Each structure stands twice: as C-alpha cells, then as structure tokens.
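J.: Got a structure for you, model23.txt, holding compact mmCIF, C-alpha atoms.
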```txt
# COMPACT_ATOMS: atom_id res chain seq x y z
CA PRO A 142 -25.98 -75.85 88.61
CA THR A 143 -25.81 -74.61 85.07
CA ALA A 144 -25.85 -70.90 84.40
CA PRO A 145 -28.95 -69.61 82.80
CA ALA A 146 -28.59 -69.03 79.05
CA GLN A 147 -27.95 -65.42 78.01
CA PRO A 148 -30.42 -64.00 75.54
CA ALA A 149 -28.96 -63.34 72.04
CA PRO A 150 -28.18 -59.66 71.40
CA VAL A 151 -30.75 -57.89 69.35
CA GLN A 152 -29.26 -56.31 66.20
CA GLN A 153 -30.91 -53.06 65.34
CA ARG A 154 -30.87 -51.84 61.73
CA ILE A 155 -30.53 -48.11 61.45
CA GLU A 156 -31.87 -46.69 58.23
CA LEU A 157 -30.75 -43.24 57.23
CA PRO A 158 -32.90 -40.99 55.12
CA ARG A 159 -32.01 -41.16 51.46
CA ASP A 160 -30.89 -37.54 51.39
CA LYS A 161 -28.54 -38.27 54.34
CA ALA A 162 -26.94 -41.39 52.87
CA PRO A 163 -23.14 -41.09 52.56
CA ALA A 164 -21.93 -40.48 49.05
CA PRO A 165 -19.87 -43.24 47.52
CA ALA A 166 -16.17 -42.66 47.71
CA VAL A 167 -14.62 -41.42 44.48
CA LEU A 168 -11.06 -42.43 44.03
CA PRO A 169 -8.71 -40.03 42.29
CA LEU A 170 -7.59 -40.96 38.84
CA HIS A 171 -5.07 -43.83 38.89
CA GLN A 172 -5.40 -44.26 42.70
CA ASP A 173 -6.41 -47.89 42.23
CA LEU A 174 -3.17 -48.63 40.33
CA PRO A 175 0.04 -49.70 41.99
CA ALA A 176 2.71 -47.07 42.49
CA TYR A 177 5.02 -48.59 39.92
CA GLU A 178 2.22 -48.36 37.32
CA THR A 179 1.33 -44.73 38.05
CA SER A 180 4.97 -43.76 37.73
CA ARG A 181 4.94 -44.97 34.12
CA LEU A 182 1.98 -42.82 33.11
CA VAL A 183 2.78 -39.85 30.87
CA PRO A 184 0.59 -36.81 30.14
CA ARG A 185 -1.61 -37.13 27.10
CA PRO A 186 -0.16 -34.95 24.33
CA GLU A 187 -2.29 -32.08 23.12
CA ILE A 188 -3.43 -32.44 19.55
CA PRO A 189 -2.77 -29.18 17.67
CA VAL A 190 -5.84 -27.63 16.12
CA GLU A 191 -5.29 -26.74 12.49
CA ARG A 192 -6.75 -23.39 11.56
CA ALA A 193 -7.98 -22.64 8.12
CA PRO A 194 -5.64 -20.20 6.33
CA GLU A 195 -6.89 -16.64 6.11
CA PRO A 196 -8.01 -15.72 2.61
CA GLU A 197 -5.65 -13.42 0.75
CA PRO A 198 -7.02 -9.96 0.00
CA LYS A 199 -8.46 -9.78 -3.46
CA ALA A 200 -7.08 -7.27 -5.91
CA PRO A 201 -9.60 -4.66 -7.01
CA GLU A 202 -11.46 -5.79 -10.08
CA THR A 203 -10.93 -3.70 -13.18
CA PRO A 204 -14.22 -2.59 -14.72
CA ASP A 205 -14.67 -3.25 -18.41
CA PHE A 206 -13.33 -0.35 -20.42
CA HIS A 207 -12.36 0.44 -23.98
CA VAL A 208 -9.71 3.00 -24.94
CA ILE A 209 -11.04 4.88 -27.94
CA GLY A 210 -7.86 6.88 -28.43
CA GLU A 211 -6.55 10.27 -27.36
CA ALA A 212 -7.65 13.80 -28.14
CA LEU A 213 -5.30 16.71 -28.77
CA ASP A 214 -2.36 14.46 -27.80
CA THR A 215 -3.31 15.22 -24.20
CA TYR A 216 -6.50 13.45 -23.10
CA ILE A 217 -7.24 9.71 -23.16
CA LEU A 218 -10.78 8.89 -24.30
CA VAL A 219 -12.20 5.85 -22.51
CA GLU A 220 -15.62 4.25 -22.75
CA THR A 221 -16.57 2.50 -19.50
CA GLU A 222 -19.77 1.60 -17.62
CA GLY A 223 -22.05 3.57 -19.93
CA SER A 224 -20.05 6.78 -19.73
CA LEU A 225 -17.18 8.60 -21.40
CA LEU A 226 -14.02 9.17 -19.37
CA LEU A 227 -11.49 11.87 -20.31
CA ILE A 228 -8.10 11.34 -18.61
CA ASP A 229 -5.24 13.85 -18.45
CA LYS A 230 -2.39 11.47 -19.35
CA HIS A 231 0.37 13.76 -18.01
CA ALA A 232 -1.33 14.19 -14.62
CA CYS A 233 -2.02 10.46 -14.36
CA HIS A 234 1.55 9.45 -15.22
CA GLU A 235 2.94 12.13 -12.92
CA ARG A 236 1.00 10.65 -10.00
CA ILE A 237 2.25 7.14 -10.75
CA ILE A 238 5.90 8.28 -10.75
CA PHE A 239 5.42 10.41 -7.63
CA ASP A 240 3.88 7.52 -5.65
CA ARG A 241 6.66 5.18 -6.76
CA ILE A 242 9.40 7.58 -5.64
CA MET A 243 7.71 8.39 -2.33
CA ALA A 244 7.10 4.71 -1.54
CA GLY A 245 10.77 3.83 -1.98
CA ARG A 246 12.64 3.85 1.32
CA GLY A 247 16.06 3.41 -0.28
CA ALA A 248 17.84 5.18 -3.07
CA ALA A 249 16.01 5.60 -6.34
CA MET A 250 17.37 4.24 -9.61
CA SER A 251 20.00 6.52 -11.10
CA GLN A 252 21.61 6.83 -14.52
CA THR A 253 25.15 8.10 -14.96
CA LEU A 254 25.63 10.74 -17.61
CA LEU A 255 28.14 9.90 -20.33
CA THR A 256 29.21 13.53 -20.30
CA PRO A 257 28.90 15.41 -16.97
CA VAL A 258 26.86 18.60 -17.18
CA THR A 259 28.02 21.90 -15.68
CA PHE A 260 25.17 23.78 -14.01
CA ALA A 261 25.60 27.37 -12.81
CA PRO A 262 22.38 28.57 -11.10
CA GLY A 263 24.11 31.03 -8.80
CA ALA A 264 25.64 30.87 -5.34
CA GLU A 265 22.30 30.92 -3.45
CA MET A 266 20.82 28.03 -5.47
CA VAL A 267 24.02 26.00 -5.21
CA GLU A 268 23.94 26.44 -1.45
CA LEU A 269 20.33 25.20 -1.27
CA LEU A 270 21.09 22.15 -3.38
CA GLU A 271 24.16 21.28 -1.30
CA GLN A 272 22.14 21.57 1.92
CA ASN A 273 19.76 18.93 0.53
CA ALA A 274 22.43 16.80 -1.14
CA ALA A 275 21.45 13.65 0.83
CA LEU A 276 17.83 13.86 -0.31
CA LEU A 277 18.86 14.58 -3.89
CA GLU A 278 21.24 11.64 -3.84
CA SER A 279 18.44 9.33 -2.58
CA ALA A 280 16.32 10.58 -5.49
CA GLY A 281 19.01 9.61 -8.02
CA PHE A 282 21.18 12.72 -8.42
CA ALA A 283 24.96 12.85 -8.12
CA PHE A 284 26.76 16.19 -8.28
CA GLU A 285 29.68 18.12 -6.83
CA ARG A 286 30.46 21.77 -6.36
CA PHE A 287 32.37 23.53 -9.11
CA GLY A 288 33.54 26.95 -8.02
CA ALA A 289 31.42 29.40 -6.06
CA ASP A 290 28.22 29.31 -8.08
CA ALA A 291 28.19 26.10 -10.16
CA LEU A 292 27.79 22.35 -9.91
CA VAL A 293 28.97 19.43 -12.00
CA VAL A 294 26.10 16.95 -12.44
CA ARG A 295 27.29 13.36 -12.96
CA ALA A 296 24.05 11.32 -12.51
CA VAL A 297 20.31 11.95 -12.65
CA PRO A 298 17.16 9.95 -11.78
CA ALA A 299 16.39 7.12 -14.18
CA ASP A 300 13.02 8.75 -14.92
CA SER A 301 14.70 11.91 -16.14
CA ASP A 302 13.75 13.08 -19.62
CA GLY A 303 17.08 14.78 -20.31
CA SER A 304 16.33 18.18 -18.74
CA GLU A 305 18.79 17.75 -15.87
CA THR A 306 19.60 21.42 -15.37
CA ALA A 307 15.94 22.52 -15.63
CA MET A 308 14.99 19.87 -13.08
CA LEU A 309 17.64 20.97 -10.59
CA GLU A 310 16.81 24.63 -11.14
CA GLU A 311 13.12 24.01 -10.44
CA ILE A 312 13.96 21.96 -7.35
CA ALA A 313 16.18 24.76 -6.03
CA GLU A 314 13.46 27.35 -6.70
CA SER A 315 10.87 25.20 -4.93
CA LEU A 316 13.16 24.78 -1.93
CA ARG A 317 13.86 28.52 -1.83
CA ALA A 318 10.17 29.42 -1.99
CA GLY A 319 9.23 26.80 0.62
CA ARG A 320 6.31 25.51 -1.46
CA THR A 321 6.08 22.35 0.65
CA ALA A 322 6.90 21.74 4.30
CA ASP A 323 8.93 18.63 3.47
CA PRO A 324 11.91 19.14 1.12
CA ARG A 325 11.50 15.53 -0.05
CA ASP A 326 8.02 16.40 -1.35
CA ALA A 327 9.43 19.30 -3.35
CA ILE A 328 12.11 17.10 -4.89
CA CYS A 329 9.71 14.24 -5.73
CA HIS A 330 7.09 16.62 -7.16
CA THR A 331 9.62 18.13 -9.54
CA ILE A 332 11.10 14.80 -10.65
CA ALA A 333 7.64 13.32 -11.28
CA CYS A 334 6.49 16.36 -13.25
CA LYS A 335 9.59 16.44 -15.43
CA ALA A 336 9.65 12.68 -16.02
CA ALA A 337 5.94 12.23 -16.82
CA ILE A 338 4.55 11.98 -20.35
CA LYS A 339 4.25 15.44 -21.77
CA ALA A 340 0.97 16.86 -23.04
CA GLY A 341 1.19 17.36 -26.79
CA SER A 342 3.23 14.22 -27.42
CA ARG A 343 1.60 11.23 -29.11
CA SER A 344 1.39 7.98 -27.09
CA ASP A 345 0.80 4.46 -28.35
CA LEU A 346 -2.30 2.44 -27.48
CA SER A 347 -0.58 0.13 -24.99
CA GLU A 348 0.70 3.11 -23.02
CA LEU A 349 -2.75 4.73 -23.01
CA THR A 350 -4.38 1.48 -21.88
CA ALA A 351 -1.94 1.03 -18.98
CA LEU A 352 -2.66 4.56 -17.75
CA ALA A 353 -6.43 4.20 -18.18
CA ALA A 354 -6.48 0.96 -16.16
CA ARG A 355 -5.03 2.78 -13.12
CA VAL A 356 -7.82 5.36 -13.33
CA VAL A 357 -10.89 3.17 -13.95
CA THR A 358 -10.02 1.04 -10.88
CA GLY A 359 -9.96 4.19 -8.73
CA GLU A 360 -6.26 3.80 -7.88
CA ILE A 361 -5.34 7.16 -9.42
CA ARG A 362 -7.71 10.08 -8.85
CA TYR A 363 -5.60 13.17 -8.30
CA CYS A 364 -2.22 14.41 -9.47
CA PRO A 365 0.48 15.16 -6.84
CA HIS A 366 -0.72 18.78 -6.76
CA GLY A 367 -4.29 17.76 -5.90
CA ARG A 368 -5.90 18.34 -9.30
CA PRO A 369 -8.29 15.70 -10.69
CA VAL A 370 -6.84 13.48 -13.41
CA ALA A 371 -10.14 12.58 -15.09
CA VAL A 372 -13.65 13.80 -15.78
CA ARG A 373 -16.63 11.53 -16.42
CA LEU A 374 -19.51 12.33 -18.78
CA THR A 375 -22.50 10.02 -18.56
CA LYS A 376 -24.60 9.13 -21.59
CA GLY A 377 -27.48 11.06 -20.04
CA GLU A 378 -25.36 14.20 -19.77
CA LEU A 379 -24.26 13.87 -23.38
CA ASP A 380 -27.84 13.28 -24.54
CA LYS A 381 -28.97 16.43 -22.72
CA PHE A 382 -26.14 18.45 -24.26
CA PHE A 383 -27.22 17.41 -27.75
CA LYS A 384 -30.89 17.87 -26.74
CA ARG A 385 -31.73 14.25 -27.44
CA ILE A 386 -33.54 14.34 -24.13
CA VAL A 387 -34.87 17.22 -22.04
```
Is it possible to give me this structure as structure tokens?
T.:
Amino acid sequence: PTAPAQPAPVQQRIELPRDKAPAPAVLPLHQDLPAYETSRLVPRPEIPVERAPEPEPKAPETPDFHVIGEALDTYILVETEGSLLLIDKHACHERIIFDRIMAGRGAAMSQTLLTPVTFAPGAEMVELLEQNAALLESAGFAFERFGADALVVRAVPADSDGSETAMLEEIAESLRAGRTADPRDAICHTIACKAAIKAGSRSDLSELTALAARVVTGEIRYCPHGRPVAVRLTKGELDKFFKRIV
C-alpha cells in the first residue's frame, strides 16, 4: 500500500515592526576592497590653509603744519590745526638725543680727540668717574687716570659740542649728588643737554621743520627732565587776548 502523502509545510512570514527592523550593515571604509588594494591606499594629504598677512602698523600721520620761523632764537613758531604752537627747540632736541642714547643697547658712537684733553676735577670726582667707567665708555667716552686727581680724555660722544671737560664735570657732580637712581640716566641726561641745540643760536628752516614734525605728531611732549616742550595757543585764545571776541 502506498503511504499517504504528507501535507506541504506551511511557511509563515514574520513581519517585524518598522521601528524594530534591523539596520542595514555599514561596512567600514575600504572593507569591500581586496587586501592588496587596501595596502596601496595612502592618507589624503592635508591642504595647507593660506592665511592673509597681518597688516603692518601704520605710522602716525603728520598733521598739516607750517613753520613760520623762530622767535628770540629759542622758540619755533608753528601754525597747525587752527592754532599757534610755540616749541622750545633746545628741550625738543634734548629729548630726541636722550631717547636715542637710552634706546641703544650697545656702545654709542664716539669721536676720538685729535689732541687728548687733561681734566683735573679733583680726587673725589675722578674716583666717581672711574667707578662708572663702563657706563661712560658705553656712552662714548674714553679716558684714563693721570695722577691722583686728573684724567686724560681721549674720546667723547659723537654728539658732543666740544665741552668735554664741562660735560664730565657735570656728570660727576650729578653722580655725587645722586640726582637720579640710575647712573646711566644721569650720564644720558647730561650728554643730551650738552649736545642739544642751544637756546640763543640761530637754526635754519630745515632744522626747525624736522624738530617741529616730532612735536606735532605727539612723539615728543616733554624734555628728559619732565618739562613740556611746547605750548599751544588757539585762535580763540588769541582773539580773546586782543579783545576781538569777549
């Protein structure tokens, strides 16, 4: 007898909720490539980002000004921005020289004297100058001891006006009195004062203009001693002085 036919198996379809469906597999980068291909891959080079250059700082603009001349061979008369500026030319030049000497970290320019000068300020002053010989040398001096109370000066700062002994004497007096806490300040103050344009001496227009330009820009305001180098009179102040307005 033939065996009864077996019923065909019933296939059941199981549907999962959409939020429970398995996420599709994500293969890592290059996983689908053969090993010999992945071994030939190289990292992608980084492209350097070019940055815009930083703008250079602008120099301060010089206001329009006109040098009228100088009064009493001492004060520069400048017309600028509707006012009259009176500049002490000695104080202005003194500040310029002082700043230049103080800013220099090395030795200052020196000029050798054709004929060495003998300077005899006394034993105490000679001792003070010798104690500060390194600073004086950096400022442009060159000297050596001559006996107990004298020095032989062989070189002076390039800014010197020819008063070598007066300059050294004033430096020694300033060091003795302790006018400044830093001996270098005392030396630079004296050199700048002695080398600056002297009040009472006539200056040419180009020299006056160069000094005035440093003042109208605001670069120079005070002398090394702290005194103002200029005074400004507005047109309104002048009109009131002459009673043009009340």
J.: Could you build a table of the residues in region 205-242 of chain A lying no more than 12 Å from region 297-316 of chain A, giving for each the nearest pair of atoms and their separation in Å rounded to one decimal place, using all atoms listed in the file, ordered by chain and ascending residue number, as JSON lines?
T.:
```
{"residue": "A:His234", "atom": "CA", "partner": "A:Asp300", "partner_atom": "CA", "distance": 11.5}
{"residue": "A:Glu235", "atom": "CA", "partner": "A:Asp300", "partner_atom": "CA", "distance": 10.8}
{"residue": "A:Ile237", "atom": "CA", "partner": "A:Asp300", "partner_atom": "CA", "distance": 11.7}
{"residue": "A:Ile238", "atom": "CA", "partner": "A:Asp300", "partner_atom": "CA", "distance": 8.3}
{"residue": "A:Phe239", "atom": "CA", "partner": "A:Asp300", "partner_atom": "CA", "distance": 10.7}
{"residue": "A:Arg241", "atom": "CA", "partner": "A:Asp300", "partner_atom": "CA", "distance": 10.9}
{"residue": "A:Ile242", "atom": "CA", "partner": "A:Asp300", "partner_atom": "CA", "distance": 10.0}
```
J.: Kindly give the distance, in Å, that separates CA of Phe287 (chain A) and CA of Phe260 (chain A), rounded to a single decimal.
T.: 8.7 Å
J.: Please measure the separation of CA of Cys233 (chain A) and CA of Ala318 (chain A), giving the value in Å to one decimal.
T.: 25.7 Å
J.: From the list A:Pro365, A:Gly210, A:Pro204, A:Gly319, which residue is nearest Leu269 (chain A) when using only C-alpha atoms?
T.: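 With only C-alpha atoms as the atom set, the closest residue is A:Gly319.
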J.: Could you tell me which of A:Ala337, A:Gln272, A:Val387, A:Asp323 comes closest to Leu352 (chain A) if we count all atoms listed in the file?
T.: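 That would be A:Ala337, the residue with the smallest distance to Leu352 (chain A).
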J.: With all atoms listed in the file as the basis for distance, which of A:Leu213, A:Leu292, A:Leu227, A:Leu270 is at the shortest distance from Pro257 (chain A)?
T.: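 Ranked by minimum distance to Pro257 (chain A), first place goes to A:Leu292.
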J.: Calculated over all atoms listed in the file, which of the candidates A:Gly223, A:Glu202, A:Arg236, A:His231 has the smallest distance to Lys339 (chain A)?
T.: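 Going through A:Gly223, A:Glu202, A:Arg236, A:His231 one by one, the smallest distance to Lys339 (chain A) is for A:His231.
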J.: Measure the distance from CA of Gly281 (chain A) to CA of Ser251 (chain A) in Å and round it to one decimal.
T.: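 The value is 4.5 Å.
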J.: Pull the neighbourhood of (0.1, 11.9, -25.3) for me: all residues within 12 Å in file coordinates, counting all atoms listed in the file, as a PyMOL selection string.
T.: chain A and resi 210-218+228-234+337-350+352
J.: With only C-alpha atoms as the basis for distance, which of A:Ala371, A:Met266, A:Val356, A:Ile328 is at the shortest distance from Glu278 (chain A)?
T.: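 Result for the nearest residue to Glu278 (chain A): A:Ile328.
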J.: Using only C-alpha atoms, which of A:Leu226, A:Ala353, A:Arg385, A:His330 sits nearest Gly367 (chain A)?
T.: A:His330
J.: Near Thr256 (chain A), within 12 Å and counting all atoms listed in the file, which residues show up once chain neighbours fewer than 5 positions away are dropped, as a PyMOL selection string?
T.: chain A and resi 293-297
J.: For region 367-380 of chain A, supply N, CA and C atoms and format the output as a JSON list (two decimals), keeping the file's coordinate frame.
T.:
```
[["chain", "number", "residue", "atom", "x", "y", "z"],
["A", 367, "GLY", "N", -2.91, 17.76, -6.38],
["A", 367, "GLY", "CA", -4.29, 17.76, -5.90],
["A", 367, "GLY", "C", -5.34, 18.00, -6.97],
["A", 368, "ARG", "N", -4.93, 18.12, -8.23],
["A", 368, "ARG", "CA", -5.90, 18.34, -9.30],
["A", 368, "ARG", "C", -6.46, 17.00, -9.78],
["A", 369, "PRO", "N", -7.73, 16.96, -10.18],
["A", 369, "PRO", "CA", -8.29, 15.70, -10.69],
["A", 369, "PRO", "C", -7.61, 15.29, -11.99],
["A", 370, "VAL", "N", -7.49, 13.98, -12.19],
["A", 370, "VAL", "CA", -6.84, 13.48, -13.41],
["A", 370, "VAL", "C", -7.85, 13.07, -14.47],
["A", 371, "ALA", "N", -9.14, 13.04, -14.12],
["A", 371, "ALA", "CA", -10.14, 12.58, -15.09],
["A", 371, "ALA", "C", -11.47, 13.26, -14.84],
["A", 372, "VAL", "N", -12.28, 13.31, -15.88],
["A", 372, "VAL", "CA", -13.65, 13.80, -15.78],
["A", 372, "VAL", "C", -14.55, 12.79, -16.48],
["A", 373, "ARG", "N", -15.71, 12.53, -15.90],
["A", 373, "ARG", "CA", -16.63, 11.53, -16.42],
["A", 373, "ARG", "C", -17.89, 12.21, -16.96],
["A", 374, "LEU", "N", -18.27, 11.84, -18.17],
["A", 374, "LEU", "CA", -19.51, 12.33, -18.78],
["A", 374, "LEU", "C", -20.42, 11.13, -19.02],
["A", 375, "THR", "N", -21.57, 11.14, -18.38],
["A", 375, "THR", "CA", -22.50, 10.02, -18.56],
["A", 375, "THR", "C", -23.23, 10.17, -19.90],
["A", 376, "LYS", "N", -23.83, 9.08, -20.34],
["A", 376, "LYS", "CA", -24.60, 9.13, -21.59],
["A", 376, "LYS", "C", -25.76, 10.10, -21.45],
["A", 377, "GLY", "N", -26.38, 10.13, -20.26],
["A", 377, "GLY", "CA", -27.48, 11.06, -20.04],
["A", 377, "GLY", "C", -27.04, 12.51, -20.18],
["A", 378, "GLU", "N", -25.86, 12.83, -19.65],
["A", 378, "GLU", "CA", -25.36, 14.20, -19.77],
["A", 378, "GLU", "C", -25.07, 14.56, -21.22],
["A", 379, "LEU", "N", -24.51, 13.61, -21.97],
["A", 379, "LEU", "CA", -24.26, 13.87, -23.38],
["A", 379, "LEU", "C", -25.56, 14.02, -24.16],
["A", 380, "ASP", "N", -26.56, 13.19, -23.85],
["A", 380, "ASP", "CA", -27.84, 13.28, -24.54],
["A", 380, "ASP", "C", -28.52, 14.63, -24.26]]
```
